[in-house]
There are 2 protein chains.
Amino acid sequence: MASGAQWHLVRSQGVTAPAGFRAAGLAAGIKVSGRADLALVFNEGPDHGAAGVFTTNKIKAAPVLWSQQVLSTGHLRAVVLNSGGANACTGSPGFVDAHQTAEEVAAALSNWGTETGAVEVAVCSTGLIGDRLPMDKLLPGVREIVHELAGGISGGTDAAHAIMTTDTVPKQAALHHKDKWNVGGMAKGAGMLAPALATMLCVLTTDAVATAEQLDAALRKATRMTFDRLDVDGATSTNDTVLLLASGASEVAPTQDELDAAVLAMCDDLADQLMADAEGVTKRVRVTVGGAASEAEALVAARTVARDSLVKTALFGSDPNWGRVLAAVGIAPVMLDPERIAVSFNGSPVCIDGAGAPGARDVDLSGMDIHLEIDLAVGTSAASIRTTDLSHAYVEENSAYSS
Amino acid sequence: MASGAQWHLVRSQGVTAPAGFRAAGLAAGIKVSGRADLALVFNEGPDHGAAGVFTTNKIKAAPVLWSQQVLSTGHLRAVVLNSGGANACTGSPGFVDAHQTAEEVAAALSNWGTETGAVEVAVCSTGLIGDRLPMDKLLPGVREIVHELAGGISGGTDAAHAIMTTDTVPKQAALHHKDKWNVGGMAKGAGMLAPALATMLCVLTTDAVATAEQLDAALRKATRMTFDRLDVDGATSTNDTVLLLASGASEVAPTQDELDAAVLAMCDDLADQLMADAEGVTKRVRVTVGGAASEAEALVAARTVARDSLVKTALFGSDPNWGRVLAAVGIAPVMLDPERIAVSFNGSPVCIDGAGAPGARDVDLSGMDIHLEIDLAVGTSAASIRTTDLSHAYVEENSAYSS
């Protein structure tokens, strides 16, 4: 939990911490387990600026295609999210389902007293790829959920619970700026985690006064440094979506730098929460590559090591097997000096000038947090990737059932 | 076990099946287990043409650096191979060890009656990265092994056993051409298997009459289509080496096409054996991508799917989870048509035009062999990758000890 001099960050609140936002979560019957599976985040205004980043996967889910369209206006009143089904690879009938869900939300909000159009409603879905959503359950749920909308702690927390799939805990946070404006956020994402612009589903809210362009700039900078640098299993979902909504209700207009810093801090904290609850995680791992020719090369090298199954299984076994780290980084398409490359685990050098350091086999990696640092010895740029180990639990969770 | 009209392939013999070759394997004490760990393949001639392909990893083991140098002559009399230590990331002392091993082989062969120089001896090592080899055990082993050299079945089989690490069975084959010339081969490789020119260690022999240039051409063509298209875990070893030695002892000079076809058939069979004995394998998987814009794009797409942890764990669970296949191929940097893409498992369509096919969730994948076919629907090129599932045994084998 990070706090800057300018702000205070807590995890007991989420998307409804900023003024002007209400949210809710309930069980609509989409999940056969009967758990909460439908969430709604509603921006009461006075402003309705919004920005979004989406998966770079060429196979995009229907709700992503819908939300990308409606986001082109830079304006949103609500986000409806469901777990229990991804509505991905469902063809044009799936797109009709996403559209109809937005229409139903707009109609329910209009009946409730806020005139809303479907183009003001983003849709997010998560769950198994390839099946149609049970619209006979989803649509009645939408009509019900507008009556549950609440501000304060409860609405946001209910919504954070309702978007969970294989997550074991809800992920949310709120950032209170000393100048009386706030940022809230919630996220879900436990597997298929190598967001290539965003992670599975994430909704951020703020009561700052900001234009859609300012929100977009802040969101792109923040996701590039946080969700884009989280890589649990190299898999990029068809549904990845991060949305940022601003109500302006605080009547405070931060500078772009202040907004950037706050959104970055929020994304950074949620990325930490996603890593800590990734499928099968037993180690929280940060791979930092330094001495690179460029930041892009540092990032590619760190990602290559973070995705290497032999490195990840060694870390699961608390084995300081630095030879596998060198073998992994050696196949990254980056410049490195084989005779000067260095590696350390949690600050203990294990490889110096391309060969083993004294005591390298005895480094204790039994703790849950591992910082793996690699110096390519050809430049001055650096970058980090958050990842996890590859455990029996990961294999079990991903082989035992369709998810 | 493949057989063409022109030849007959058996797995009961290996590198000593062709005339003019002797081999041996013994336990020199490099492995603490006391198992066989030293092998020698000796070409009696009359010819000594040779070709080799090596790892593309930027971190190359000392024996790879040595063997690349000596191969520049296109001429080899012997290959000495050890398991129990990779002699990788060992700095210049490791290179001196590789050189000294070649000198010792040359001296022992010279004493034995065949005048040999160290530049005529290739060196291959496999095992843990990062430790020096126990030269006090390896060098006496080299002096001993020249006395054990034998032709026929026994020498080659002993050598194939001595290069095993986590392999559970030795891999060898012999191809007898109807025109009275032969090709033999042995290989090892159970983990770190995504050879980027070759697999871990492989020695091929032939009694055909062929120049070094002919051997090189045949070997490059064959490895490109076989070992280069085997990808168990995306990891490319620091030690990958494939060598082809020709004795000319059959006095038959095949055409380049005949030589190419025979070397390809041998590499194809050894690649099959490597896949079948990969670490933790419970499924033998072939991923074929068709309808691609080019063969290169088909290969990239097939490799991306073959490396995807979520696809591999689903296959371990016999789960026809085609949504994960689409999510995986969607992040490959290739052209595809999301609305026309198709997927099948063992010939049963599971996805047609980007959406689920009837009965897709009921396809039976409980058998050991799975053929996953993907049609990108943008062109006419195709390529295949051999891979395996991601099982508990893979995690166990790679986390429980340093290897």
# chains A, B, ... in the order shown; residues from 1 in each chain; ligands from 1
>>> interface_residues(of="chain A", to="chain B", cutoff="6 Å", atoms="only C-alpha atoms", output="PDB file with all heavy atoms, in the first residue's frame")
ATOM      1  N   ASN A  57      -5.293  -8.124 -28.221  1.00  0.00           N
ATOM      2  CA  ASN A  57      -5.553  -9.411 -28.883  1.00  0.00           C
ATOM      3  C   ASN A  57      -6.398  -9.165 -30.139  1.00  0.00           C
ATOM      4  O   ASN A  57      -7.327  -8.367 -30.117  1.00  0.00           O
ATOM      5  CB  ASN A  57      -6.294 -10.342 -27.913  1.00  0.00           C
ATOM      6  CG  ASN A  57      -6.176 -11.806 -28.321  1.00  0.00           C
ATOM      7  OD1 ASN A  57      -6.424 -12.160 -29.469  1.00  0.00           O
ATOM      8  ND2 ASN A  57      -5.786 -12.646 -27.379  1.00  0.00           N
ATOM      9  N   LYS A  58      -6.024  -9.863 -31.244  1.00  0.00           N
ATOM     10  CA  LYS A  58      -6.806  -9.681 -32.481  1.00  0.00           C
ATOM     11  C   LYS A  58      -8.185 -10.310 -32.356  1.00  0.00           C
ATOM     12  O   LYS A  58      -9.108  -9.972 -33.098  1.00  0.00           O
ATOM     13  CB  LYS A  58      -6.071 -10.313 -33.662  1.00  0.00           C
ATOM     14  CG  LYS A  58      -4.804  -9.580 -34.030  1.00  0.00           C
ATOM     15  CD  LYS A  58      -4.140 -10.240 -35.226  1.00  0.00           C
ATOM     16  CE  LYS A  58      -2.716  -9.742 -35.369  1.00  0.00           C
ATOM     17  NZ  LYS A  58      -1.814 -10.292 -34.331  1.00  0.00           N
ATOM     18  N   ILE A  59      -8.324 -11.261 -31.437  1.00  0.00           N
ATOM     19  CA  ILE A  59      -9.624 -11.873 -31.168  1.00  0.00           C
ATOM     20  C   ILE A  59     -10.220 -11.082 -30.005  1.00  0.00           C
ATOM     21  O   ILE A  59      -9.813 -11.254 -28.854  1.00  0.00           O
ATOM     22  CB  ILE A  59      -9.474 -13.354 -30.771  1.00  0.00           C
ATOM     23  CG1 ILE A  59      -8.614 -14.128 -31.782  1.00  0.00           C
ATOM     24  CG2 ILE A  59     -10.838 -14.000 -30.571  1.00  0.00           C
ATOM     25  CD1 ILE A  59      -9.271 -14.425 -33.104  1.00  0.00           C
ATOM     26  N   CYS A  89     -15.836 -14.776 -28.851  1.00  0.00           N
ATOM     27  CA  CYS A  89     -15.964 -15.805 -29.886  1.00  0.00           C
ATOM     28  C   CYS A  89     -17.409 -16.294 -29.950  1.00  0.00           C
ATOM     29  O   CYS A  89     -17.672 -17.493 -29.994  1.00  0.00           O
ATOM     30  CB  CYS A  89     -15.003 -16.973 -29.633  1.00  0.00           C
ATOM     31  SG  CYS A  89     -13.292 -16.457 -29.471  1.00  0.00           S
ATOM     32  N   THR A  90     -18.317 -15.355 -29.935  1.00  0.00           N
ATOM     33  CA  THR A  90     -19.749 -15.678 -29.985  1.00  0.00           C
ATOM     34  C   THR A  90     -20.392 -15.091 -31.242  1.00  0.00           C
ATOM     35  O   THR A  90     -21.623 -15.094 -31.366  1.00  0.00           O
ATOM     36  CB  THR A  90     -20.459 -15.105 -28.741  1.00  0.00           C
ATOM     37  OG1 THR A  90     -20.001 -13.766 -28.533  1.00  0.00           O
ATOM     38  CG2 THR A  90     -20.128 -15.918 -27.498  1.00  0.00           C
ATOM     39  N   GLY A  91     -19.564 -14.556 -32.152  1.00  0.00           N
ATOM     40  CA  GLY A  91     -20.084 -14.076 -33.434  1.00  0.00           C
ATOM     41  C   GLY A  91     -20.995 -12.866 -33.291  1.00  0.00           C
ATOM     42  O   GLY A  91     -21.010 -12.198 -32.247  1.00  0.00           O
ATOM     43  N   ILE A 129     -14.551 -18.426 -22.478  1.00  0.00           N
ATOM     44  CA  ILE A 129     -14.659 -17.970 -23.861  1.00  0.00           C
ATOM     45  C   ILE A 129     -15.505 -18.951 -24.663  1.00  0.00           C
ATOM     46  O   ILE A 129     -15.354 -20.154 -24.512  1.00  0.00           O
ATOM     47  CB  ILE A 129     -13.254 -17.868 -24.498  1.00  0.00           C
ATOM     48  CG1 ILE A 129     -12.399 -16.813 -23.786  1.00  0.00           C
ATOM     49  CG2 ILE A 129     -13.325 -17.584 -25.991  1.00  0.00           C
ATOM     50  CD1 ILE A 129     -10.935 -16.822 -24.216  1.00  0.00           C
ATOM     51  N   GLY A 130     -16.381 -18.450 -25.515  1.00  0.00           N
ATOM     52  CA  GLY A 130     -17.017 -19.310 -26.512  1.00  0.00           C
ATOM     53  C   GLY A 130     -18.482 -19.595 -26.308  1.00  0.00           C
ATOM     54  O   GLY A 130     -19.110 -20.187 -27.183  1.00  0.00           O
ATOM     55  N   THR A 238      -8.972 -11.978 -24.356  1.00  0.00           N
ATOM     56  CA  THR A 238      -9.813 -11.372 -25.395  1.00  0.00           C
ATOM     57  C   THR A 238     -10.668 -10.238 -24.842  1.00  0.00           C
ATOM     58  O   THR A 238     -11.321  -9.530 -25.598  1.00  0.00           O
ATOM     59  CB  THR A 238     -10.781 -12.433 -25.947  1.00  0.00           C
ATOM     60  OG1 THR A 238     -11.451 -13.066 -24.846  1.00  0.00           O
ATOM     61  CG2 THR A 238     -10.048 -13.491 -26.740  1.00  0.00           C
ATOM     62  N   THR A 313       9.377 -22.506 -12.720  1.00  0.00           N
ATOM     63  CA  THR A 313       9.299 -23.714 -11.889  1.00  0.00           C
ATOM     64  C   THR A 313      10.439 -23.731 -10.872  1.00  0.00           C
ATOM     65  O   THR A 313      10.257 -24.179  -9.744  1.00  0.00           O
ATOM     66  CB  THR A 313       9.329 -25.000 -12.747  1.00  0.00           C
ATOM     67  OG1 THR A 313      10.390 -24.914 -13.698  1.00  0.00           O
ATOM     68  CG2 THR A 313       8.011 -25.204 -13.472  1.00  0.00           C
ATOM     69  N   ALA A 314      11.614 -23.231 -11.257  1.00  0.00           N
ATOM     70  CA  ALA A 314      12.723 -23.151 -10.297  1.00  0.00           C
ATOM     71  C   ALA A 314      12.345 -22.240  -9.125  1.00  0.00           C
ATOM     72  O   ALA A 314      12.593 -22.569  -7.961  1.00  0.00           O
ATOM     73  CB  ALA A 314      14.002 -22.649 -10.973  1.00  0.00           C
ATOM     74  N   GLY A 317      10.207 -23.849  -6.709  1.00  0.00           N
ATOM     75  CA  GLY A 317      11.004 -24.727  -5.853  1.00  0.00           C
ATOM     76  C   GLY A 317      12.012 -23.983  -4.984  1.00  0.00           C
ATOM     77  O   GLY A 317      12.882 -24.604  -4.374  1.00  0.00           O
ATOM     78  N   GLY A 323      21.427 -20.295 -13.814  1.00  0.00           N
ATOM     79  CA  GLY A 323      21.754 -20.761 -15.165  1.00  0.00           C
ATOM     80  C   GLY A 323      20.531 -20.708 -16.070  1.00  0.00           C
ATOM     81  O   GLY A 323      20.624 -20.359 -17.249  1.00  0.00           O
ATOM     82  N   ALA A 327      20.012 -18.705 -19.560  1.00  0.00           N
ATOM     83  CA  ALA A 327      19.523 -19.380 -20.765  1.00  0.00           C
ATOM     84  C   ALA A 327      18.286 -18.658 -21.294  1.00  0.00           C
ATOM     85  O   ALA A 327      18.104 -18.520 -22.507  1.00  0.00           O
ATOM     86  CB  ALA A 327      19.201 -20.839 -20.463  1.00  0.00           C
ATOM     87  N   GLY A 330      19.129 -15.158 -22.743  1.00  0.00           N
ATOM     88  CA  GLY A 330      19.943 -15.338 -23.951  1.00  0.00           C
ATOM     89  C   GLY A 330      19.133 -15.528 -25.217  1.00  0.00           C
ATOM     90  O   GLY A 330      19.662 -15.396 -26.314  1.00  0.00           O
ATOM     91  N   ILE A 331      17.837 -15.885 -25.068  1.00  0.00           N
ATOM     92  CA  ILE A 331      17.033 -16.013 -26.284  1.00  0.00           C
ATOM     93  C   ILE A 331      16.186 -14.764 -26.551  1.00  0.00           C
ATOM     94  O   ILE A 331      15.484 -14.693 -27.547  1.00  0.00           O
ATOM     95  CB  ILE A 331      16.129 -17.274 -26.275  1.00  0.00           C
ATOM     96  CG1 ILE A 331      15.172 -17.274 -25.088  1.00  0.00           C
ATOM     97  CG2 ILE A 331      16.981 -18.539 -26.272  1.00  0.00           C
ATOM     98  CD1 ILE A 331      14.141 -18.404 -25.159  1.00  0.00           C
ATOM     99  N   PRO A 338      27.674 -11.434 -23.133  1.00  0.00           N
ATOM    100  CA  PRO A 338      27.730 -12.715 -22.406  1.00  0.00           C
ATOM    101  C   PRO A 338      28.867 -12.768 -21.392  1.00  0.00           C
ATOM    102  O   PRO A 338      28.798 -13.529 -20.431  1.00  0.00           O
ATOM    103  CB  PRO A 338      27.957 -13.746 -23.508  1.00  0.00           C
ATOM    104  CG  PRO A 338      27.603 -13.081 -24.779  1.00  0.00           C
ATOM    105  CD  PRO A 338      27.824 -11.612 -24.578  1.00  0.00           C
ATOM    106  N   GLY A 354      29.195 -13.248 -16.277  1.00  0.00           N
ATOM    107  CA  GLY A 354      28.784 -14.437 -17.027  1.00  0.00           C
ATOM    108  C   GLY A 354      29.085 -15.766 -16.365  1.00  0.00           C
ATOM    109  O   GLY A 354      28.814 -16.820 -16.952  1.00  0.00           O
ATOM    110  N   ALA A 355      29.629 -15.765 -15.147  1.00  0.00           N
ATOM    111  CA  ALA A 355      29.952 -17.031 -14.472  1.00  0.00           C
ATOM    112  C   ALA A 355      29.448 -16.982 -13.031  1.00  0.00           C
ATOM    113  O   ALA A 355      29.148 -15.916 -12.490  1.00  0.00           O
ATOM    114  CB  ALA A 355      31.454 -17.287 -14.515  1.00  0.00           C
ATOM    115  N   GLY A 356      29.373 -18.112 -12.395  1.00  0.00           N
ATOM    116  CA  GLY A 356      28.810 -18.218 -11.054  1.00  0.00           C
ATOM    117  C   GLY A 356      29.568 -17.422  -9.999  1.00  0.00           C
ATOM    118  O   GLY A 356      30.795 -17.352 -10.019  1.00  0.00           O
ATOM    119  N   HIS A 392       2.254 -26.149  -8.945  1.00  0.00           N
ATOM    120  CA  HIS A 392       1.252 -27.204  -9.117  1.00  0.00           C
ATOM    121  C   HIS A 392      -0.150 -26.618  -9.126  1.00  0.00           C
ATOM    122  O   HIS A 392      -1.012 -27.057  -9.873  1.00  0.00           O
ATOM    123  CB  HIS A 392       1.358 -28.226  -7.981  1.00  0.00           C
ATOM    124  CG  HIS A 392       2.512 -29.164  -8.163  1.00  0.00           C
ATOM    125  ND1 HIS A 392       2.650 -29.946  -9.284  1.00  0.00           N
ATOM    126  CD2 HIS A 392       3.570 -29.445  -7.389  1.00  0.00           C
ATOM    127  CE1 HIS A 392       3.755 -30.662  -9.190  1.00  0.00           C
ATOM    128  NE2 HIS A 392       4.348 -30.378  -8.043  1.00  0.00           N
ATOM    129  N   VAL A 395      -1.169 -25.335 -12.531  1.00  0.00           N
ATOM    130  CA  VAL A 395      -1.528 -26.436 -13.436  1.00  0.00           C
ATOM    131  C   VAL A 395      -2.890 -27.006 -13.053  1.00  0.00           C
ATOM    132  O   VAL A 395      -3.754 -27.235 -13.905  1.00  0.00           O
ATOM    133  CB  VAL A 395      -0.449 -27.543 -13.402  1.00  0.00           C
ATOM    134  CG1 VAL A 395      -0.901 -28.756 -14.206  1.00  0.00           C
ATOM    135  CG2 VAL A 395       0.867 -27.007 -13.955  1.00  0.00           C
ATOM    136  N   ASN A 398      -5.858 -24.714 -13.934  1.00  0.00           N
ATOM    137  CA  ASN A 398      -6.102 -24.508 -15.358  1.00  0.00           C
ATOM    138  C   ASN A 398      -6.309 -25.787 -16.148  1.00  0.00           C
ATOM    139  O   ASN A 398      -6.520 -25.740 -17.351  1.00  0.00           O
ATOM    140  CB  ASN A 398      -4.964 -23.695 -15.962  1.00  0.00           C
ATOM    141  CG  ASN A 398      -5.061 -22.253 -15.523  1.00  0.00           C
ATOM    142  OD1 ASN A 398      -6.053 -21.599 -15.791  1.00  0.00           O
ATOM    143  ND2 ASN A 398      -4.065 -21.787 -14.793  1.00  0.00           N
ATOM    144  N   SER A 399      -6.229 -26.934 -15.486  1.00  0.00           N
ATOM    145  CA  SER A 399      -6.457 -28.190 -16.199  1.00  0.00           C
ATOM    146  C   SER A 399      -7.710 -28.883 -15.707  1.00  0.00           C
ATOM    147  O   SER A 399      -8.298 -29.700 -16.386  1.00  0.00           O
ATOM    148  CB  SER A 399      -5.268 -29.138 -16.021  1.00  0.00           C
ATOM    149  OG  SER A 399      -5.087 -29.471 -14.666  1.00  0.00           O
ATOM    150  N   ALA A 400      -8.135 -28.541 -14.496  1.00  0.00           N
ATOM    151  CA  ALA A 400      -9.206 -29.309 -13.866  1.00  0.00           C
ATOM    152  C   ALA A 400     -10.584 -28.916 -14.375  1.00  0.00           C
ATOM    153  O   ALA A 400     -11.533 -29.645 -14.205  1.00  0.00           O
ATOM    154  CB  ALA A 400      -9.141 -29.157 -12.358  1.00  0.00           C
TER     155      ALA A 400
END
>>> residues_around(residues="segment 44-51 of chain B", least_positions_apart="3", cutoff="9 Å", atoms="only C-alpha atoms", output="JSON, numbers by chain")
{"B": [19, 20, 21, 22, 71, 72, 73, 74, 75, 76, 77, 78, 114, 207, 209, 210, 211, 212, 213, 214, 215, 216, 217, 219, 242, 243, 244, 245, 246, 247, 248, 249]}
>>> residues_around(residues="Ala36 of chain A", least_positions_apart="6", cutoff="8 Å", atoms="only C-alpha atoms", output="ChimeraX atom specification")
/A:25-29,161-163
>>> write_last_selection(atoms="N, CA, C and O atoms", output="compact mmCIF listing (two decimals), in the first residue's frame")
# COMPACT_ATOMS: atom_id res chain seq x y z
N GLY A 25 -23.51 -4.65 -6.76
CA GLY A 25 -23.19 -5.99 -7.26
C GLY A 25 -24.26 -6.94 -6.77
O GLY A 25 -24.76 -6.78 -5.65
N LEU A 26 -24.62 -7.93 -7.58
CA LEU A 26 -25.61 -8.92 -7.14
C LEU A 26 -25.45 -10.22 -7.92
O LEU A 26 -24.68 -10.29 -8.88
N ALA A 27 -26.18 -11.23 -7.49
CA ALA A 27 -26.17 -12.52 -8.18
C ALA A 27 -27.38 -12.58 -9.11
O ALA A 27 -28.51 -12.65 -8.65
N ALA A 28 -27.11 -12.54 -10.42
CA ALA A 28 -28.20 -12.57 -11.39
C ALA A 28 -28.48 -13.99 -11.87
O ALA A 28 -29.44 -14.21 -12.61
N GLY A 29 -27.64 -14.95 -11.46
CA GLY A 29 -27.86 -16.33 -11.90
C GLY A 29 -27.07 -16.70 -13.14
O GLY A 29 -27.28 -17.75 -13.75
N HIS A 161 -16.76 -7.48 -5.70
CA HIS A 161 -17.01 -8.91 -5.50
C HIS A 161 -17.67 -9.54 -6.73
O HIS A 161 -17.38 -10.69 -7.07
N ALA A 162 -18.56 -8.81 -7.35
CA ALA A 162 -19.37 -9.39 -8.43
C ALA A 162 -18.59 -9.65 -9.71
O ALA A 162 -19.05 -10.40 -10.57
N ILE A 163 -17.40 -9.04 -9.86
CA ILE A 163 -16.64 -9.28 -11.10
C ILE A 163 -15.57 -10.35 -10.92
O ILE A 163 -14.81 -10.63 -11.84
>>> residues_around(residues="Thr387 of chain A", least_positions_apart="2", cutoff="10 Å", atoms="only C-alpha atoms", output="number ranges by chain")
A: 193-194, 229-234, 272, 274-276, 278, 281, 283-287, 302-303, 305-307, 312, 370, 384-385, 389-390
>>> closest_atom_pairs(of="segment 235-284 of chain A", to="segment 222-227 of chain A", cutoff="12 Å", atoms="only C-alpha atoms", output="JSON lines")
{"residue": "A:Thr236", "atom": "CA", "partner": "A:Phe227", "partner_atom": "CA", "distance": 11.3}
{"residue": "A:Asp240", "atom": "CA", "partner": "A:Phe227", "partner_atom": "CA", "distance": 10.3}
{"residue": "A:Thr241", "atom": "CA", "partner": "A:Phe227", "partner_atom": "CA", "distance": 10.7}
{"residue": "A:Val242", "atom": "CA", "partner": "A:Thr223", "partner_atom": "CA", "distance": 8.4}
{"residue": "A:Leu243", "atom": "CA", "partner": "A:Thr223", "partner_atom": "CA", "distance": 10.6}
{"residue": "A:Leu244", "atom": "CA", "partner": "A:Ala222", "partner_atom": "CA", "distance": 11.1}
{"residue": "A:Asp257", "atom": "CA", "partner": "A:Ala222", "partner_atom": "CA", "distance": 11.6}
{"residue": "A:Leu259", "atom": "CA", "partner": "A:Ala222", "partner_atom": "CA", "distance": 10.1}
{"residue": "A:Asp260", "atom": "CA", "partner": "A:Ala222", "partner_atom": "CA", "distance": 7.0}
{"residue": "A:Ala261", "atom": "CA", "partner": "A:Ala222", "partner_atom": "CA", "distance": 8.1}
{"residue": "A:Ala262", "atom": "CA", "partner": "A:Ala222", "partner_atom": "CA", "distance": 9.0}
{"residue": "A:Val263", "atom": "CA", "partner": "A:Ala222", "partner_atom": "CA", "distance": 6.2}
{"residue": "A:Leu264", "atom": "CA", "partner": "A:Ala222", "partner_atom": "CA", "distance": 4.4}
{"residue": "A:Ala265", "atom": "CA", "partner": "A:Ala222", "partner_atom": "CA", "distance": 8.0}
{"residue": "A:Met266", "atom": "CA", "partner": "A:Ala222", "partner_atom": "CA", "distance": 8.6}
{"residue": "A:Cys267", "atom": "CA", "partner": "A:Thr226", "partner_atom": "CA", "distance": 6.2}
{"residue": "A:Asp268", "atom": "CA", "partner": "A:Thr226", "partner_atom": "CA", "distance": 5.4}
{"residue": "A:Asp269", "atom": "CA", "partner": "A:Thr226", "partner_atom": "CA", "distance": 8.8}
{"residue": "A:Leu270", "atom": "CA", "partner": "A:Phe227", "partner_atom": "CA", "distance": 8.6}
{"residue": "A:Ala271", "atom": "CA", "partner": "A:Phe227", "partner_atom": "CA", "distance": 5.9}
{"residue": "A:Asp272", "atom": "CA", "partner": "A:Thr226", "partner_atom": "CA", "distance": 8.8}
{"residue": "A:Gln273", "atom": "CA", "partner": "A:Phe227", "partner_atom": "CA", "distance": 11.0}
{"residue": "A:Leu274", "atom": "CA", "partner": "A:Phe227", "partner_atom": "CA", "distance": 9.2}
{"residue": "A:Met275", "atom": "CA", "partner": "A:Phe227", "partner_atom": "CA", "distance": 10.0}
>>> atom_distance(atom1="atom CA of Gly113 of chain A", atom2="atom CA of Val41 of chain A")
15.9 Å
>>> residues_around(residues="Ala98 of chain B", least_positions_apart="3", cutoff="7 Å", atoms="only C-alpha atoms", output="tab-separated table (two decimals) with N, CA, C and O atoms, in the first residue's frame")
chain	number	residue	atom	x	y	z
B	62	ALA	N	30.68	-23.34	-23.26
B	62	ALA	CA	32.06	-23.47	-23.74
B	62	ALA	C	32.21	-24.54	-24.83
B	62	ALA	O	32.86	-24.30	-25.85
B	63	PRO	N	31.63	-25.75	-24.66
B	63	PRO	CA	31.79	-26.76	-25.70
B	63	PRO	C	31.18	-26.34	-27.05
B	63	PRO	O	31.66	-26.75	-28.10
B	66	TRP	N	33.77	-24.10	-28.62
B	66	TRP	CA	34.87	-24.94	-29.12
B	66	TRP	C	34.46	-25.65	-30.41
B	66	TRP	O	35.17	-25.61	-31.42
B	94	GLY	N	36.16	-22.51	-18.23
B	94	GLY	CA	35.31	-23.53	-18.85
B	94	GLY	C	35.72	-23.82	-20.27
B	94	GLY	O	35.70	-24.97	-20.72
B	95	PHE	N	36.13	-22.76	-21.00
B	95	PHE	CA	36.59	-22.98	-22.38
B	95	PHE	C	37.89	-23.77	-22.39
B	95	PHE	O	38.08	-24.66	-23.22
B	101	THR	N	39.72	-31.25	-22.94
B	101	THR	CA	39.02	-32.52	-23.20
B	101	THR	C	39.30	-32.99	-24.62
B	101	THR	O	39.60	-34.17	-24.85
B	102	ALA	N	39.24	-32.05	-25.59
B	102	ALA	CA	39.53	-32.40	-26.98
B	102	ALA	C	40.98	-32.86	-27.13
B	102	ALA	O	41.27	-33.83	-27.85
B	123	VAL	N	33.28	-31.27	-29.04
B	123	VAL	CA	32.95	-31.55	-27.64
B	123	VAL	C	31.51	-31.09	-27.38
B	123	VAL	O	31.11	-30.00	-27.80
>>> atom_distance(atom1="atom CA of Ala24 of chain B", atom2="atom CA of Gly84 of chain B")
16.7 Å
>>> atom_distance(atom1="atom CA of Leu365 of chain A", atom2="atom CA of Thr288 of chain A")
16.5 Å
>>> select_by_dssp(residues="segment 173-301 of chain B", states="strand (DSSP E)", output="JSON, numbers by chain")
{"B": [173, 174, 175, 176, 177, 182, 183, 184, 185, 186, 187, 188, 201, 202, 203, 204, 205, 206, 241, 242, 243, 244, 245, 246, 284, 285, 286, 287, 288, 289, 290, 291, 292]}
>>> select_by_dssp(residues="segment 102-351 of chain A", states="helix (DSSP H, G or I)", output="number ranges by chain")
A: 102-111, 118-120, 135-145, 152-162, 212-225, 227-229, 256-276, 295-306, 309-316, 322-329
>>> residues_around(residues="Asp37 of chain A", least_positions_apart="3", cutoff="12 Å", atoms="only C-alpha atoms", output="number ranges by chain")
A: 24-34, 40, 80-86, 124-127, 133-134, 137-138, 141-142, 145, 158-165
